[in-house]
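Report on one structure; see the data block that follows.
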Amino acid sequence: MKRLITVTSGKGGVGKTNICVNLAVQFARQGLRPCIFDADLGLANINILMGIQPEHTLEAVVNGKKRISDIMIHDTCGVDIIPGGTGVEKLAAMRPRDVSQLIQSFSCLEGYDVLFFDTSAGISRDVLSFCMASQEVLLVVTSEPTSLTDGYSMLKVLSLNGYRDPVKVIMNKAKNKRFGKAVFGKFNETVKKYLPIEICYAGCLPADEAVSAAVIRQRPFTLLYPSTRAAAGIEQLAEFLFDNPGAGKSVTTFETFWERYMEVAGTPLKLPQRKKRNSAKAPPKVQSATTRPPSAQPPVSEGDNALSGQILASLNQLTSVVTDMSAEFKEFRRALAGPDNDSVTPADSESDQGAPQLPPSIPLDFEAYKKKKLNGA
C-alpha cells in the first residue's frame, strides 16, 4: 500500500463523495490501481454515483461470514470498491481476536497504489478514527458559511485529538478559480489565528451543470464529460496530489492503519471544553406562587434514575460546548468578513457572467441561532 487518503467534510451536500469517486477514476486513467473504501455509514452515495448494487458489505466480513475479497466490486470505471455500510460502525466493538483476523483479511489490499476512504459527513468517532489513522486528509468545503464553519469545527476537533499533519482543503462549487482561492485565503487566516493545525490549498472545482447530469446517469463526470471545467478541475487536483504526497509521518501498510484506527476508536474523543468563568454567586431562589410544588415538577429529574442523570449531564455538557463555541465562531465570522474583504474582487475569464465578489459580510451568528432555539422559535 503506497497511499492512504481520507476524504471528509464538515457537513453533507458539499460534493465529497463525487470528488472521491472522480479522483479515483482519474488515478486509474493515469495507470495506477485505486480502491475506494466506502466508509459512509448511513448513505450509499458511491453506489448511486457508480451505478452499482453490492450484494454484501463490510458487515458480512465483521460477522465472519465473508472475506474482503468476497464483497469487493472490481473494475468499476477502473476502480475497485469495498462497500462499508453498517459494518464500519461495528468495527470499534470488535474483540481483539476478531480484529486480528480482520486485519489479516485486509492483506489482499496491499497491491493497490492508493486507497481512498470516503467517510460520512460531519464529526463522529468513526470519521475522526479514519482521519487520524490516514496518511492524508482531504477536507472538502464550499464558499457557503455553513460549510466553512463546519469545516472549521472538523479541523478544531482533529487538532484537539492530536492530528498535526497538514490537511489539504478542496474548494468545491466555486464560481471561478480566483474566487475559490480568495475564500480559502480568508479561511486559512482564521485557522492560523485560532487552531494549532496547518491547512494547504489543494485545488478548486468550479460549479458545473455536468456534475448533476452525470449523477442522474450514475456515471463519473470525468468519463461522461471529459471536456468540462469540472473534469479539468479533477485533473488539476490529481496532479496536485501526485506532486504532494503525504508527509510520511503516518502509516504505510494497511495493518498498521487498522491498528491505529482501532486505537483511536477505542479512546474517548477530546471535544471543546467549556472555559471557566468568574461569576458572582447567584442569590438563593425564592419560591413564588407561580412555582410548581414538588409534586407538579416534570416526571424526569436528575435524581430519578442513573440513566436520566447521564442524559442530563450530557445535555448540560453539550450546552456548555455550544455556548463557548458560539463566542469563538463570532470571532471566526469577523475574521472571514474582515475590513479588507471589500478589496477582494476576483475576476476570471472562465466565468461567462463576470466575476462574483465576496460578500461584504458572511453571517455566522450562532448566538442568535441559540437564542432562537431556546425561545422555542
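Each chain of the C-alpha cells is named A, B, ... in the order shown, its residues numbered from 1; ligands are numbered from 1 in display order.
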Requested in this report: Just the alpha helix (DSSP H) stuff from segment 80-127 of chain A, please, per backbone DSSP, written as number ranges by chain.
Outcome: A: 87-90, 96-105, 125-127
I need the chosen residues saved as a PDB file, in the first residue's frame, with N, CA, C and O atoms.
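The resulting part.pdb:
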ATOM      1  N   GLY A  87     -21.267  -2.051   8.556  1.00  0.00           N
ATOM      2  CA  GLY A  87     -20.122  -2.776   9.092  1.00  0.00           C
ATOM      3  C   GLY A  87     -19.059  -1.863   9.661  1.00  0.00           C
ATOM      4  O   GLY A  87     -18.323  -2.241  10.569  1.00  0.00           O
ATOM      5  N   VAL A  88     -18.973  -0.632   9.142  1.00  0.00           N
ATOM      6  CA  VAL A  88     -17.979   0.321   9.648  1.00  0.00           C
ATOM      7  C   VAL A  88     -18.247   0.643  11.110  1.00  0.00           C
ATOM      8  O   VAL A  88     -17.331   0.724  11.929  1.00  0.00           O
ATOM      9  N   GLU A  89     -19.518   0.822  11.449  1.00  0.00           N
ATOM     10  CA  GLU A  89     -19.881   1.173  12.818  1.00  0.00           C
ATOM     11  C   GLU A  89     -19.558   0.053  13.792  1.00  0.00           C
ATOM     12  O   GLU A  89     -19.294   0.296  14.975  1.00  0.00           O
ATOM     13  N   LYS A  90     -19.551  -1.185  13.318  1.00  0.00           N
ATOM     14  CA  LYS A  90     -19.309  -2.327  14.193  1.00  0.00           C
ATOM     15  C   LYS A  90     -17.835  -2.620  14.412  1.00  0.00           C
ATOM     16  O   LYS A  90     -17.485  -3.463  15.233  1.00  0.00           O
ATOM     17  N   PRO A  96     -10.484  -8.158  20.339  1.00  0.00           N
ATOM     18  CA  PRO A  96      -9.111  -8.134  19.816  1.00  0.00           C
ATOM     19  C   PRO A  96      -8.807  -9.309  18.893  1.00  0.00           C
ATOM     20  O   PRO A  96      -8.133  -9.133  17.872  1.00  0.00           O
ATOM     21  N   ARG A  97      -9.303 -10.503  19.222  1.00  0.00           N
ATOM     22  CA  ARG A  97      -9.033 -11.667  18.378  1.00  0.00           C
ATOM     23  C   ARG A  97      -9.667 -11.486  17.000  1.00  0.00           C
ATOM     24  O   ARG A  97      -9.052 -11.788  15.966  1.00  0.00           O
ATOM     25  N   ASP A  98     -10.899 -10.970  16.970  1.00  0.00           N
ATOM     26  CA  ASP A  98     -11.585 -10.742  15.696  1.00  0.00           C
ATOM     27  C   ASP A  98     -10.919  -9.636  14.896  1.00  0.00           C
ATOM     28  O   ASP A  98     -10.867  -9.694  13.668  1.00  0.00           O
ATOM     29  N   VAL A  99     -10.411  -8.625  15.602  1.00  0.00           N
ATOM     30  CA  VAL A  99      -9.717  -7.542  14.913  1.00  0.00           C
ATOM     31  C   VAL A  99      -8.484  -8.069  14.208  1.00  0.00           C
ATOM     32  O   VAL A  99      -8.189  -7.704  13.058  1.00  0.00           O
ATOM     33  N   SER A 100      -7.748  -8.948  14.871  1.00  0.00           N
ATOM     34  CA  SER A 100      -6.551  -9.525  14.275  1.00  0.00           C
ATOM     35  C   SER A 100      -6.884 -10.299  13.010  1.00  0.00           C
ATOM     36  O   SER A 100      -6.188 -10.200  11.996  1.00  0.00           O
ATOM     37  N   GLN A 101      -7.966 -11.051  13.047  1.00  0.00           N
ATOM     38  CA  GLN A 101      -8.392 -11.795  11.856  1.00  0.00           C
ATOM     39  C   GLN A 101      -8.831 -10.862  10.738  1.00  0.00           C
ATOM     40  O   GLN A 101      -8.550 -11.113   9.564  1.00  0.00           O
ATOM     41  N   LEU A 102      -9.506  -9.776  11.107  1.00  0.00           N
ATOM     42  CA  LEU A 102      -9.953  -8.820  10.096  1.00  0.00           C
ATOM     43  C   LEU A 102      -8.759  -8.154   9.426  1.00  0.00           C
ATOM     44  O   LEU A 102      -8.742  -7.990   8.196  1.00  0.00           O
ATOM     45  N   ILE A 103      -7.773  -7.779  10.216  1.00  0.00           N
ATOM     46  CA  ILE A 103      -6.579  -7.138   9.656  1.00  0.00           C
ATOM     47  C   ILE A 103      -5.887  -8.068   8.668  1.00  0.00           C
ATOM     48  O   ILE A 103      -5.431  -7.646   7.596  1.00  0.00           O
ATOM     49  N   GLN A 104      -5.826  -9.345   9.011  1.00  0.00           N
ATOM     50  CA  GLN A 104      -5.215 -10.305   8.103  1.00  0.00           C
ATOM     51  C   GLN A 104      -5.991 -10.418   6.796  1.00  0.00           C
ATOM     52  O   GLN A 104      -5.410 -10.578   5.720  1.00  0.00           O
ATOM     53  N   SER A 105      -7.311 -10.310   6.888  1.00  0.00           N
ATOM     54  CA  SER A 105      -8.124 -10.424   5.679  1.00  0.00           C
ATOM     55  C   SER A 105      -7.934  -9.220   4.758  1.00  0.00           C
ATOM     56  O   SER A 105      -8.192  -9.302   3.557  1.00  0.00           O
ATOM     57  N   ARG A 125     -17.101   9.642  15.851  1.00  0.00           N
ATOM     58  CA  ARG A 125     -15.947   8.819  16.230  1.00  0.00           C
ATOM     59  C   ARG A 125     -15.372   8.078  15.026  1.00  0.00           C
ATOM     60  O   ARG A 125     -14.153   7.997  14.845  1.00  0.00           O
ATOM     61  N   ASP A 126     -16.246   7.530  14.169  1.00  0.00           N
ATOM     62  CA  ASP A 126     -15.770   6.786  13.008  1.00  0.00           C
ATOM     63  C   ASP A 126     -15.015   7.701  12.036  1.00  0.00           C
ATOM     64  O   ASP A 126     -13.946   7.345  11.535  1.00  0.00           O
ATOM     65  N   VAL A 127     -15.580   8.879  11.766  1.00  0.00           N
ATOM     66  CA  VAL A 127     -14.928   9.814  10.857  1.00  0.00           C
ATOM     67  C   VAL A 127     -13.569  10.226  11.400  1.00  0.00           C
ATOM     68  O   VAL A 127     -12.562  10.221  10.672  1.00  0.00           O
TER      69      VAL A 127
END
Excluding Cys20 of chain A and any residue of its chain fewer than 2 positions from it, enumerate the residues within 10 Å of it, using only C-alpha atoms, and give them as a PDB file with C-alpha atoms, in the first residue's frame.
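What follows is the written file result02.pdb:
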ATOM      1  CA  ILE A   5      -6.208   9.129   1.705  1.00  0.00           C
ATOM      2  CA  THR A   6      -9.312  10.019   3.713  1.00  0.00           C
ATOM      3  CA  VAL A   7     -11.828  12.304   2.014  1.00  0.00           C
ATOM      4  CA  THR A   8     -14.094  14.016   4.524  1.00  0.00           C
ATOM      5  CA  GLY A  15     -19.718  17.069  -3.096  1.00  0.00           C
ATOM      6  CA  LYS A  16     -17.313  14.969  -1.036  1.00  0.00           C
ATOM      7  CA  THR A  17     -18.238  11.565  -2.493  1.00  0.00           C
ATOM      8  CA  ASN A  18     -18.351  12.881  -6.056  1.00  0.00           C
ATOM      9  CA  ASN A  22     -13.775  11.053  -9.782  1.00  0.00           C
ATOM     10  CA  LEU A  23     -10.339  11.357  -8.189  1.00  0.00           C
ATOM     11  CA  ALA A  24     -10.108   7.567  -8.049  1.00  0.00           C
ATOM     12  CA  VAL A  25     -11.161   7.349 -11.724  1.00  0.00           C
ATOM     13  CA  GLN A  26      -8.524   9.930 -12.642  1.00  0.00           C
ATOM     14  CA  ILE A  36     -12.375   3.148  -2.620  1.00  0.00           C
ATOM     15  CA  ILE A  46     -20.963   5.708  -4.068  1.00  0.00           C
ATOM     16  CA  PHE A 116      -9.457   6.301  -0.686  1.00  0.00           C
ATOM     17  CA  PHE A 117     -11.684   6.350   2.400  1.00  0.00           C
ATOM     18  CA  ASP A 118     -14.971   8.143   1.722  1.00  0.00           C
ATOM     19  CA  THR A 119     -16.240   8.981   5.213  1.00  0.00           C
ATOM     20  CA  LEU A 138      -8.718  15.894   2.120  1.00  0.00           C
ATOM     21  CA  VAL A 140     -13.990  19.340   1.095  1.00  0.00           C
ATOM     22  CA  ILE A 234     -10.292  16.953 -11.089  1.00  0.00           C
TER      23      ILE A 234
END
Query raised in the report: So how far away is atom CA of Glu136 of chain A from atom CA of Glu198 of chain A, in Å?
Result: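 Result for atom CA of Glu198 of chain A versus atom CA of Glu136 of chain A: 12.5 Å, one decimal.
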